[in-house]
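Dropping final_19.csv in here (CSV, N, CA, C and O atoms):
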```csv
chain,number,residue,atom,x,y,z
S,1,MET,N,22.3,14.1,49.8
S,1,MET,CA,21.2,13.3,49.6
S,1,MET,C,20.8,13.3,48.1
S,1,MET,O,20.4,12.2,47.6
S,2,MET,N,20.8,14.4,47.4
S,2,MET,CA,20.4,14.5,46.0
S,2,MET,C,21.4,13.8,45.2
S,2,MET,O,21.0,13.1,44.2
S,3,LYS,N,22.6,13.8,45.5
S,3,LYS,CA,23.7,13.1,44.8
S,3,LYS,C,23.5,11.6,44.8
S,3,LYS,O,23.6,10.9,43.8
S,4,LYS,N,23.1,11.1,46.0
S,4,LYS,CA,22.9,9.7,46.2
S,4,LYS,C,21.7,9.2,45.3
S,4,LYS,O,21.7,8.2,44.7
S,5,ALA,N,20.6,10.0,45.3
S,5,ALA,CA,19.4,9.7,44.5
S,5,ALA,C,19.8,9.7,43.0
S,5,ALA,O,19.3,8.8,42.3
S,6,ALA,N,20.6,10.6,42.6
S,6,ALA,CA,21.0,10.6,41.2
S,6,ALA,C,21.8,9.4,40.8
S,6,ALA,O,21.6,8.8,39.7
S,7,VAL,N,22.7,9.0,41.7
S,7,VAL,CA,23.6,7.8,41.4
S,7,VAL,C,22.7,6.6,41.4
S,7,VAL,O,22.8,5.7,40.6
S,8,LEU,N,21.7,6.5,42.3
S,8,LEU,CA,20.8,5.4,42.4
S,8,LEU,C,20.0,5.3,41.1
S,8,LEU,O,19.7,4.2,40.6
S,9,GLY,N,19.5,6.4,40.7
S,9,GLY,CA,18.7,6.5,39.4
S,9,GLY,C,19.5,6.0,38.2
S,9,GLY,O,19.0,5.2,37.4
S,10,VAL,N,20.7,6.4,38.1
S,10,VAL,CA,21.6,6.0,37.0
S,10,VAL,C,21.9,4.5,37.1
S,10,VAL,O,21.8,3.8,36.1
S,11,LEU,N,22.1,4.0,38.3
S,11,LEU,CA,22.3,2.6,38.5
S,11,LEU,C,21.1,1.7,38.1
S,11,LEU,O,21.2,0.7,37.4
S,12,ILE,N,19.9,2.2,38.5
S,12,ILE,CA,18.7,1.5,38.1
S,12,ILE,C,18.5,1.5,36.6
S,12,ILE,O,18.2,0.4,36.0
S,13,LEU,N,18.8,2.6,36.0
S,13,LEU,CA,18.6,2.7,34.5
S,13,LEU,C,19.6,1.7,33.8
S,13,LEU,O,19.3,1.0,32.9
S,14,ALA,N,20.9,1.7,34.3
S,14,ALA,CA,21.9,0.8,33.7
S,14,ALA,C,21.5,-0.7,33.9
S,14,ALA,O,21.6,-1.4,32.9
S,15,VAL,N,21.0,-1.0,35.0
S,15,VAL,CA,20.6,-2.4,35.3
S,15,VAL,C,19.4,-2.8,34.4
S,15,VAL,O,19.4,-3.9,33.8
S,16,SER,N,18.5,-1.9,34.2
S,16,SER,CA,17.3,-2.2,33.4
S,16,SER,C,17.7,-2.4,31.9
S,16,SER,O,17.2,-3.2,31.2
S,17,LEU,N,18.6,-1.5,31.4
S,17,LEU,CA,19.1,-1.6,30.1
S,17,LEU,C,19.9,-2.9,29.8
S,17,LEU,O,19.7,-3.6,28.8
S,18,VAL,N,20.7,-3.3,30.8
S,18,VAL,CA,21.4,-4.6,30.6
S,18,VAL,C,20.4,-5.8,30.6
S,18,VAL,O,20.6,-6.7,29.8
S,19,SER,N,19.4,-5.7,31.5
S,19,SER,CA,18.5,-6.8,31.5
S,19,SER,C,17.7,-6.9,30.2
S,19,SER,O,17.3,-8.0,29.7
S,20,MET,N,17.4,-5.8,29.5
S,20,MET,CA,16.7,-5.8,28.2
S,20,MET,C,17.6,-6.5,27.2
S,20,MET,O,17.1,-7.2,26.3
S,21,VAL,N,18.9,-6.2,27.2
S,21,VAL,CA,19.8,-6.8,26.3
S,21,VAL,C,19.9,-8.3,26.4
S,21,VAL,O,19.8,-9.1,25.5
S,22,PHE,N,19.9,-8.8,27.7
S,22,PHE,CA,19.9,-10.2,27.9
S,22,PHE,C,18.6,-10.9,27.7
S,22,PHE,O,18.5,-12.1,27.8
S,23,ALA,N,17.5,-10.2,27.5
S,23,ALA,CA,16.2,-10.8,27.3
S,23,ALA,C,16.1,-11.5,26.0
S,23,ALA,O,15.4,-12.4,25.8
S,24,ALA,N,16.9,-11.0,25.0
S,24,ALA,CA,17.0,-11.7,23.7
S,24,ALA,C,17.8,-13.0,23.8
S,24,ALA,O,18.8,-13.0,24.5
S,25,GLU,N,17.3,-14.0,23.2
S,25,GLU,CA,18.0,-15.3,23.2
S,25,GLU,C,18.6,-15.6,21.9
S,25,GLU,O,17.9,-15.4,20.8
S,26,ALA,N,19.9,-15.9,21.9
S,26,ALA,CA,20.5,-16.3,20.6
S,26,ALA,C,20.4,-17.8,20.4
S,26,ALA,O,20.6,-18.6,21.3
S,27,LYS,N,20.1,-18.1,19.1
S,27,LYS,CA,20.0,-19.5,18.7
S,27,LYS,C,20.7,-19.7,17.4
S,27,LYS,O,20.6,-18.9,16.5
S,28,LYS,N,21.5,-20.8,17.4
S,28,LYS,CA,22.2,-21.2,16.2
S,28,LYS,C,21.4,-22.4,15.5
S,28,LYS,O,20.8,-23.2,16.2
S,29,GLY,N,21.4,-22.4,14.2
S,29,GLY,CA,20.7,-23.5,13.5
S,29,GLY,C,20.7,-23.2,12.0
S,29,GLY,O,21.5,-22.4,11.5
S,30,THR,N,19.7,-23.8,11.4
S,30,THR,CA,19.5,-23.7,9.9
S,30,THR,C,18.2,-23.1,9.6
S,30,THR,O,17.2,-23.6,10.1
S,31,ILE,N,18.2,-22.1,8.7
S,31,ILE,CA,16.9,-21.6,8.2
S,31,ILE,C,16.5,-22.4,7.1
S,31,ILE,O,17.2,-22.5,6.0
S,32,ARG,N,15.5,-23.2,7.2
S,32,ARG,CA,15.0,-24.2,6.2
S,32,ARG,C,14.1,-23.6,5.2
S,32,ARG,O,14.1,-24.0,4.0
S,33,GLY,N,13.4,-22.5,5.6
S,33,GLY,CA,12.5,-21.9,4.6
S,33,GLY,C,12.1,-20.5,5.0
S,33,GLY,O,12.3,-20.1,6.2
S,34,ILE,N,11.7,-19.7,4.1
S,34,ILE,CA,11.3,-18.3,4.3
S,34,ILE,C,10.0,-18.0,3.6
S,34,ILE,O,9.8,-18.3,2.5
S,35,ASP,N,9.1,-17.3,4.4
S,35,ASP,CA,7.9,-16.9,3.8
S,35,ASP,C,7.8,-15.3,4.0
S,35,ASP,O,7.4,-14.9,5.1
S,36,GLU,N,8.3,-14.6,3.0
S,36,GLU,CA,8.4,-13.1,3.1
S,36,GLU,C,7.0,-12.5,3.3
S,36,GLU,O,6.8,-11.6,4.1
S,37,LYS,N,6.0,-13.1,2.6
S,37,LYS,CA,4.6,-12.5,2.7
S,37,LYS,C,4.1,-12.6,4.1
S,37,LYS,O,3.5,-11.7,4.6
S,38,ALA,N,4.3,-13.8,4.7
S,38,ALA,CA,3.8,-14.0,6.1
S,38,ALA,C,4.7,-13.4,7.2
S,38,ALA,O,4.4,-13.3,8.3
S,39,GLY,N,6.0,-13.1,6.8
S,39,GLY,CA,7.0,-12.6,7.7
S,39,GLY,C,7.4,-13.7,8.7
S,39,GLY,O,7.6,-13.4,9.9
S,40,THR,N,7.6,-14.9,8.2
S,40,THR,CA,8.1,-16.0,9.0
S,40,THR,C,9.2,-16.7,8.4
S,40,THR,O,9.5,-16.7,7.2
S,41,ILE,N,10.0,-17.5,9.2
S,41,ILE,CA,11.0,-18.4,8.8
S,41,ILE,C,10.7,-19.8,9.4
S,41,ILE,O,10.1,-19.9,10.5
S,42,LEU,N,11.2,-20.8,8.7
S,42,LEU,CA,11.2,-22.1,9.3
S,42,LEU,C,12.6,-22.4,9.7
S,42,LEU,O,13.5,-22.4,8.9
S,43,PHE,N,12.8,-22.6,11.0
S,43,PHE,CA,14.1,-22.7,11.6
S,43,PHE,C,14.3,-24.0,12.4
S,43,PHE,O,13.4,-24.4,13.1
S,44,CYS,N,15.4,-24.6,12.2
S,44,CYS,CA,15.8,-25.9,12.9
S,44,CYS,C,17.0,-25.6,13.8
S,44,CYS,O,18.1,-25.4,13.3
S,45,PRO,N,16.8,-25.5,15.1
S,45,PRO,CA,17.9,-25.2,16.0
S,45,PRO,C,19.0,-26.3,15.9
S,45,PRO,O,18.7,-27.5,15.7
S,46,GLU,N,20.2,-25.9,16.1
S,46,GLU,CA,21.3,-26.8,16.2
S,46,GLU,C,21.1,-27.9,17.2
S,46,GLU,O,20.6,-27.6,18.3
S,47,GLY,N,21.4,-29.1,16.9
S,47,GLY,CA,21.3,-30.2,17.8
S,47,GLY,C,19.9,-30.9,17.9
S,47,GLY,O,19.7,-31.7,18.7
S,48,THR,N,19.0,-30.4,17.0
S,48,THR,CA,17.6,-30.9,17.0
S,48,THR,C,17.3,-31.3,15.5
S,48,THR,O,18.0,-30.9,14.6
S,49,THR,N,16.1,-32.0,15.4
S,49,THR,CA,15.6,-32.2,14.1
S,49,THR,C,14.2,-31.6,13.9
S,49,THR,O,13.5,-31.9,13.0
S,50,LYS,N,13.8,-30.8,14.9
S,50,LYS,CA,12.5,-30.2,14.9
S,50,LYS,C,12.5,-28.8,14.4
S,50,LYS,O,13.2,-27.9,14.9
S,51,ASP,N,11.8,-28.6,13.3
S,51,ASP,CA,11.7,-27.3,12.7
S,51,ASP,C,10.6,-26.5,13.5
S,51,ASP,O,9.6,-27.0,13.9
S,52,MET,N,10.9,-25.2,13.6
S,52,MET,CA,10.0,-24.3,14.3
S,52,MET,C,9.7,-23.1,13.4
S,52,MET,O,10.6,-22.6,12.7
S,53,THR,N,8.4,-22.7,13.3
S,53,THR,CA,8.1,-21.5,12.6
S,53,THR,C,8.1,-20.3,13.5
S,53,THR,O,7.5,-20.3,14.5
S,54,LEU,N,8.9,-19.3,13.1
S,54,LEU,CA,9.1,-18.1,13.9
S,54,LEU,C,8.7,-16.8,13.1
S,54,LEU,O,9.0,-16.7,11.9
S,55,HIS,N,8.1,-15.9,13.8
S,55,HIS,CA,7.7,-14.6,13.2
S,55,HIS,C,9.0,-13.8,13.2
S,55,HIS,O,9.8,-13.9,14.1
S,56,VAL,N,9.1,-13.0,12.1
S,56,VAL,CA,10.3,-12.2,12.0
S,56,VAL,C,9.9,-10.7,12.0
S,56,VAL,O,9.0,-10.3,11.4
S,57,ASP,N,10.7,-9.9,12.8
S,57,ASP,CA,10.5,-8.5,13.0
S,57,ASP,C,10.6,-7.8,11.6
S,57,ASP,O,11.4,-8.2,10.7
S,58,LYS,N,9.8,-6.8,11.4
S,58,LYS,CA,9.8,-6.1,10.1
S,58,LYS,C,11.1,-5.4,9.7
S,58,LYS,O,11.4,-5.2,8.6
S,59,SER,N,11.9,-5.2,10.7
S,59,SER,CA,13.2,-4.6,10.5
S,59,SER,C,14.3,-5.5,9.9
S,59,SER,O,15.3,-5.1,9.4
S,60,VAL,N,14.0,-6.8,9.9
S,60,VAL,CA,14.9,-7.8,9.4
S,60,VAL,C,14.7,-8.0,7.9
S,60,VAL,O,13.5,-8.2,7.5
S,61,ASP,N,15.7,-7.9,7.1
S,61,ASP,CA,15.6,-8.1,5.6
S,61,ASP,C,15.7,-9.6,5.3
S,61,ASP,O,16.7,-10.2,5.3
S,62,LEU,N,14.5,-10.1,4.9
S,62,LEU,CA,14.5,-11.6,4.5
S,62,LEU,C,14.9,-11.8,3.1
S,62,LEU,O,15.2,-12.9,2.7
S,63,LYS,N,15.0,-10.8,2.2
S,63,LYS,CA,15.4,-10.9,0.8
S,63,LYS,C,16.8,-11.4,0.7
S,63,LYS,O,17.1,-12.1,-0.3
S,64,SER,N,17.7,-11.1,1.6
S,64,SER,CA,19.1,-11.5,1.5
S,64,SER,C,19.4,-12.9,2.1
S,64,SER,O,20.5,-13.3,2.0
S,65,ILE,N,18.3,-13.5,2.6
S,65,ILE,CA,18.5,-14.8,3.2
S,65,ILE,C,18.0,-15.9,2.3
S,65,ILE,O,17.0,-15.8,1.7
S,66,LYS,N,18.8,-17.0,2.2
S,66,LYS,CA,18.4,-18.1,1.3
S,66,LYS,C,18.0,-19.3,2.2
S,66,LYS,O,18.6,-19.5,3.3
S,67,PRO,N,17.1,-20.2,1.7
S,67,PRO,CA,16.8,-21.4,2.4
S,67,PRO,C,18.1,-22.3,2.6
S,67,PRO,O,19.0,-22.2,1.8
S,68,ASP,N,18.1,-23.1,3.7
S,68,ASP,CA,19.2,-24.0,4.0
S,68,ASP,C,20.5,-23.2,4.3
S,68,ASP,O,21.6,-23.6,4.1
S,69,THR,N,20.3,-22.0,5.0
S,69,THR,CA,21.4,-21.2,5.4
S,69,THR,C,21.6,-21.4,6.9
S,69,THR,O,20.7,-21.3,7.7
S,70,LYS,N,22.9,-21.6,7.3
S,70,LYS,CA,23.2,-21.7,8.7
S,70,LYS,C,23.3,-20.3,9.2
S,70,LYS,O,23.9,-19.4,8.6
S,71,ALA,N,22.7,-20.0,10.4
S,71,ALA,CA,22.6,-18.7,10.9
S,71,ALA,C,22.5,-18.7,12.4
S,71,ALA,O,22.1,-19.7,13.0
S,72,GLN,N,22.8,-17.5,13.0
S,72,GLN,CA,22.5,-17.3,14.4
S,72,GLN,C,21.4,-16.2,14.4
S,72,GLN,O,21.5,-15.2,13.8
S,73,ILE,N,20.3,-16.5,15.2
S,73,ILE,CA,19.2,-15.6,15.2
S,73,ILE,C,19.1,-15.1,16.7
S,73,ILE,O,19.4,-15.8,17.6
S,74,SER,N,18.6,-13.9,16.8
S,74,SER,CA,18.3,-13.3,18.1
S,74,SER,C,16.7,-13.3,18.2
S,74,SER,O,16.0,-12.7,17.4
S,75,VAL,N,16.2,-14.0,19.3
S,75,VAL,CA,14.8,-14.1,19.4
S,75,VAL,C,14.3,-13.5,20.7
S,75,VAL,O,15.0,-13.6,21.8
S,76,GLU,N,13.2,-12.7,20.7
S,76,GLU,CA,12.6,-12.1,21.8
S,76,GLU,C,11.1,-12.5,21.8
S,76,GLU,O,10.5,-12.7,20.8
S,77,SER,N,10.5,-12.5,23.0
S,77,SER,CA,9.1,-12.8,23.1
S,77,SER,C,8.4,-11.4,23.0
S,77,SER,O,8.6,-10.5,23.8
S,78,VAL,N,7.6,-11.3,21.9
S,78,VAL,CA,6.8,-10.1,21.7
S,78,VAL,C,5.3,-10.5,21.6
S,78,VAL,O,4.9,-11.2,20.7
S,79,GLY,N,4.6,-10.0,22.5
S,79,GLY,CA,3.1,-10.3,22.5
S,79,GLY,C,2.8,-11.8,22.6
S,79,GLY,O,1.9,-12.3,22.1
S,80,GLY,N,3.7,-12.5,23.3
S,80,GLY,CA,3.5,-13.9,23.5
S,80,GLY,C,4.0,-14.8,22.4
S,80,GLY,O,3.9,-16.0,22.5
S,81,LYS,N,4.6,-14.1,21.4
S,81,LYS,CA,5.1,-14.9,20.2
S,81,LYS,C,6.7,-14.7,20.2
S,81,LYS,O,7.2,-13.6,20.5
S,82,GLU,N,7.4,-15.8,19.9
S,82,GLU,CA,8.8,-15.7,19.7
S,82,GLU,C,9.0,-14.9,18.4
S,82,GLU,O,8.5,-15.4,17.3
S,83,THR,N,9.7,-13.8,18.4
S,83,THR,CA,10.0,-13.0,17.3
S,83,THR,C,11.4,-12.8,17.0
S,83,THR,O,12.2,-12.5,17.9
S,84,VAL,N,11.9,-13.1,15.8
S,84,VAL,CA,13.3,-13.0,15.4
S,84,VAL,C,13.6,-11.5,15.2
S,84,VAL,O,12.9,-10.8,14.4
S,85,LYS,N,14.5,-11.0,16.0
S,85,LYS,CA,14.9,-9.6,15.9
S,85,LYS,C,16.1,-9.3,15.0
S,85,LYS,O,16.3,-8.2,14.5
S,86,SER,N,16.9,-10.4,14.8
S,86,SER,CA,18.1,-10.3,13.9
S,86,SER,C,18.5,-11.6,13.4
S,86,SER,O,18.3,-12.6,14.1
S,87,ILE,N,19.1,-11.6,12.2
S,87,ILE,CA,19.6,-12.9,11.6
S,87,ILE,C,21.0,-12.6,11.2
S,87,ILE,O,21.3,-11.6,10.4
S,88,GLU,N,22.0,-13.4,11.7
S,88,GLU,CA,23.4,-13.3,11.3
S,88,GLU,C,23.8,-14.6,10.6
S,88,GLU,O,23.8,-15.7,11.2
S,89,VAL,N,24.0,-14.5,9.3
S,89,VAL,CA,24.4,-15.7,8.5
S,89,VAL,C,25.8,-16.1,8.9
S,89,VAL,O,26.7,-15.3,9.1
S,90,MET,N,26.0,-17.4,9.2
S,90,MET,CA,27.3,-17.9,9.7
S,90,MET,C,28.1,-18.3,8.4
S,90,MET,O,27.5,-18.9,7.5
S,91,LYS,N,29.3,-18.0,8.4
S,91,LYS,CA,30.2,-18.3,7.3
S,91,LYS,C,30.5,-19.8,7.4
S,91,LYS,O,30.7,-20.4,8.5
S,92,ALA,N,30.6,-20.4,6.2
S,92,ALA,CA,30.9,-21.8,6.2
S,92,ALA,C,32.4,-22.1,6.7
S,92,ALA,O,33.3,-21.3,6.4
S,93,ALA,N,32.6,-23.1,7.4
S,93,ALA,CA,33.9,-23.4,8.0
S,93,ALA,C,34.8,-23.8,6.8
S,93,ALA,O,34.4,-24.5,5.9
S,94,PRO,N,36.0,-23.4,6.8
S,94,PRO,CA,36.9,-23.7,5.7
S,94,PRO,C,37.2,-25.2,5.7
S,94,PRO,O,37.3,-25.9,6.7
S,95,LYS,N,37.3,-25.7,4.5
S,95,LYS,CA,37.6,-27.2,4.4
S,95,LYS,C,39.0,-27.5,4.7
S,95,LYS,O,39.9,-26.7,4.4
S,96,ALA,N,39.2,-28.6,5.4
S,96,ALA,CA,40.6,-29.0,5.8
S,96,ALA,C,41.4,-29.3,4.6
S,96,ALA,O,40.9,-29.9,3.6
S,97,ALA,N,42.7,-29.0,4.6
S,97,ALA,CA,43.6,-29.3,3.5
S,97,ALA,C,43.8,-30.8,3.5
S,97,ALA,O,43.9,-31.5,4.6
S,98,VAL,N,44.0,-31.4,2.3
S,98,VAL,CA,44.2,-32.8,2.2
S,98,VAL,C,45.6,-33.0,1.8
S,98,VAL,O,46.2,-32.3,0.9
S,99,GLY,N,46.3,-33.9,2.5
S,99,GLY,CA,47.7,-34.3,2.1
S,99,GLY,C,48.6,-33.4,2.9
S,99,GLY,O,48.3,-32.7,3.8
S,100,CYS,N,49.9,-33.4,2.4
S,100,CYS,CA,50.9,-32.7,3.1
S,100,CYS,C,51.1,-31.3,2.6
S,100,CYS,O,51.1,-31.0,1.5
```

Structure encoded using structure tokens:
Amino acid sequence: MMKKAAVLGVLILAVSLVSMVFAAEAKKGTIRGIDEKAGTILFCPEGTTKDMTLHVDKSVDLKSIKPDTKAQISVESVGGKETVKSIEVMKAAPKAAVGC
């Protein structure tokens, strides 16, 4: 009986950890502007023309990000606000070779 309870406890813990990982939403788009003082970015999601102002977690280094940078961001709802938890700058696609 005790062994079953331990297995069930581990299973519940694993499921809750996995659900926390999937709670973050990944978005691709362009960072149009950065306000380090306010801790926000102006972000335009891929496929739209609407910019959104998002709060950025204090653990994210905004000094290394430049405006008009293509990026993938991880967003979580914190206190009712969408908060950027990570920013991954996307590398520019290589230009196609011209000619033979």

* Structure fact -> Among S:Ile87, S:Ala92, S:Ile41, S:Val98, Thr53 of chain S is approached most closely, using only N, CA, C and O atoms, by S:Ile41

Would you kindly return, as a short mmCIF file (atom, residue, chain, number, x, y, z; two decimals) with N, CA, C and O atoms, in the coordinates of the input, each protein, DNA or RNA residue with an atom no farther than 6 Å from any atom of Asp68 of chain S, considering only N, CA, C and O atoms and excluding same-chain residues fewer than 5 positions away?
```
data_model
loop_
_atom_site.label_atom_id
_atom_site.label_comp_id
_atom_site.auth_asym_id
_atom_site.auth_seq_id
_atom_site.Cartn_x
_atom_site.Cartn_y
_atom_site.Cartn_z
N THR S 30 19.70 -23.80 11.40
CA THR S 30 19.50 -23.70 9.90
C THR S 30 18.20 -23.10 9.60
O THR S 30 17.20 -23.60 10.10
N ILE S 31 18.20 -22.10 8.70
CA ILE S 31 16.90 -21.60 8.20
C ILE S 31 16.50 -22.40 7.10
O ILE S 31 17.20 -22.50 6.00
N ARG S 32 15.50 -23.20 7.20
CA ARG S 32 15.00 -24.20 6.20
C ARG S 32 14.10 -23.60 5.20
O ARG S 32 14.10 -24.00 4.00
N GLY S 33 13.40 -22.50 5.60
CA GLY S 33 12.50 -21.90 4.60
C GLY S 33 12.10 -20.50 5.00
O GLY S 33 12.30 -20.10 6.20
#
```

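Distance check against His55 of chain S using only C-alpha atoms: of S:Ile73, S:Val84, S:Val78, S:Met90, the minimum falls on S:Val84.
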
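From atom N of Ala24 of chain S back to atom O of Glu76 of chain S, the distance works out to 7.8 Å.
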
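Between atom O of Gly79 of chain S and atom CA of Cys44 of chain S there is a distance of 21.5 Å.
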
Could you add the missing atoms to segment 59-68 of chain S, up to all heavy atoms, and return them as a compact mmCIF listing (two decimals), in the coordinates of the input?
```
# COMPACT_ATOMS: atom_id res chain seq x y z
N SER S 59 11.90 -5.20 10.70
CA SER S 59 13.20 -4.60 10.50
C SER S 59 14.30 -5.50 9.90
O SER S 59 15.30 -5.10 9.40
CB SER S 59 13.76 -3.97 11.78
OG SER S 59 14.06 -5.01 12.70
N VAL S 60 14.00 -6.80 9.90
CA VAL S 60 14.90 -7.80 9.40
C VAL S 60 14.70 -8.00 7.90
O VAL S 60 13.50 -8.20 7.50
CB VAL S 60 14.73 -9.18 10.12
CG1 VAL S 60 15.65 -10.24 9.54
CG2 VAL S 60 14.99 -9.00 11.60
N ASP S 61 15.70 -7.90 7.10
CA ASP S 61 15.60 -8.10 5.60
C ASP S 61 15.70 -9.60 5.30
O ASP S 61 16.70 -10.20 5.30
CB ASP S 61 16.76 -7.32 4.95
CG ASP S 61 16.73 -7.45 3.44
OD1 ASP S 61 15.67 -7.76 2.88
OD2 ASP S 61 17.80 -7.23 2.82
N LEU S 62 14.50 -10.10 4.90
CA LEU S 62 14.50 -11.60 4.50
C LEU S 62 14.90 -11.80 3.10
O LEU S 62 15.20 -12.90 2.70
CB LEU S 62 13.09 -12.11 4.73
CG LEU S 62 12.63 -12.21 6.18
CD1 LEU S 62 11.19 -12.70 6.25
CD2 LEU S 62 13.54 -13.15 6.95
N LYS S 63 15.00 -10.80 2.20
CA LYS S 63 15.40 -10.90 0.80
C LYS S 63 16.80 -11.40 0.70
O LYS S 63 17.10 -12.10 -0.30
CB LYS S 63 15.15 -9.64 0.08
CG LYS S 63 13.68 -9.30 -0.01
CD LYS S 63 13.45 -8.00 -0.73
CE LYS S 63 11.96 -7.77 -0.69
NZ LYS S 63 11.50 -6.58 -1.25
N SER S 64 17.70 -11.10 1.60
CA SER S 64 19.10 -11.50 1.50
C SER S 64 19.40 -12.90 2.10
O SER S 64 20.50 -13.30 2.00
CB SER S 64 19.94 -10.44 2.24
OG SER S 64 19.63 -10.43 3.62
N ILE S 65 18.30 -13.50 2.60
CA ILE S 65 18.50 -14.80 3.20
C ILE S 65 18.00 -15.90 2.30
O ILE S 65 17.00 -15.80 1.70
CB ILE S 65 17.75 -14.95 4.58
CG1 ILE S 65 18.10 -13.79 5.51
CG2 ILE S 65 18.00 -16.29 5.25
CD1 ILE S 65 19.50 -13.76 6.01
N LYS S 66 18.80 -17.00 2.20
CA LYS S 66 18.40 -18.10 1.30
C LYS S 66 18.00 -19.30 2.20
O LYS S 66 18.60 -19.50 3.30
CB LYS S 66 19.53 -18.48 0.37
CG LYS S 66 20.09 -17.33 -0.45
CD LYS S 66 19.66 -17.43 -1.86
CE LYS S 66 20.29 -16.39 -2.75
NZ LYS S 66 19.70 -15.11 -2.73
N PRO S 67 17.10 -20.20 1.70
CA PRO S 67 16.80 -21.40 2.40
C PRO S 67 18.10 -22.30 2.60
O PRO S 67 19.00 -22.20 1.80
CB PRO S 67 15.78 -22.11 1.57
CG PRO S 67 15.16 -21.02 0.76
CD PRO S 67 16.27 -20.03 0.51
N ASP S 68 18.10 -23.10 3.70
CA ASP S 68 19.20 -24.00 4.00
C ASP S 68 20.50 -23.20 4.30
O ASP S 68 21.60 -23.60 4.10
CB ASP S 68 19.43 -25.01 2.94
CG ASP S 68 18.25 -25.97 2.82
OD1 ASP S 68 17.67 -26.32 3.87
OD2 ASP S 68 17.90 -26.34 1.69
```
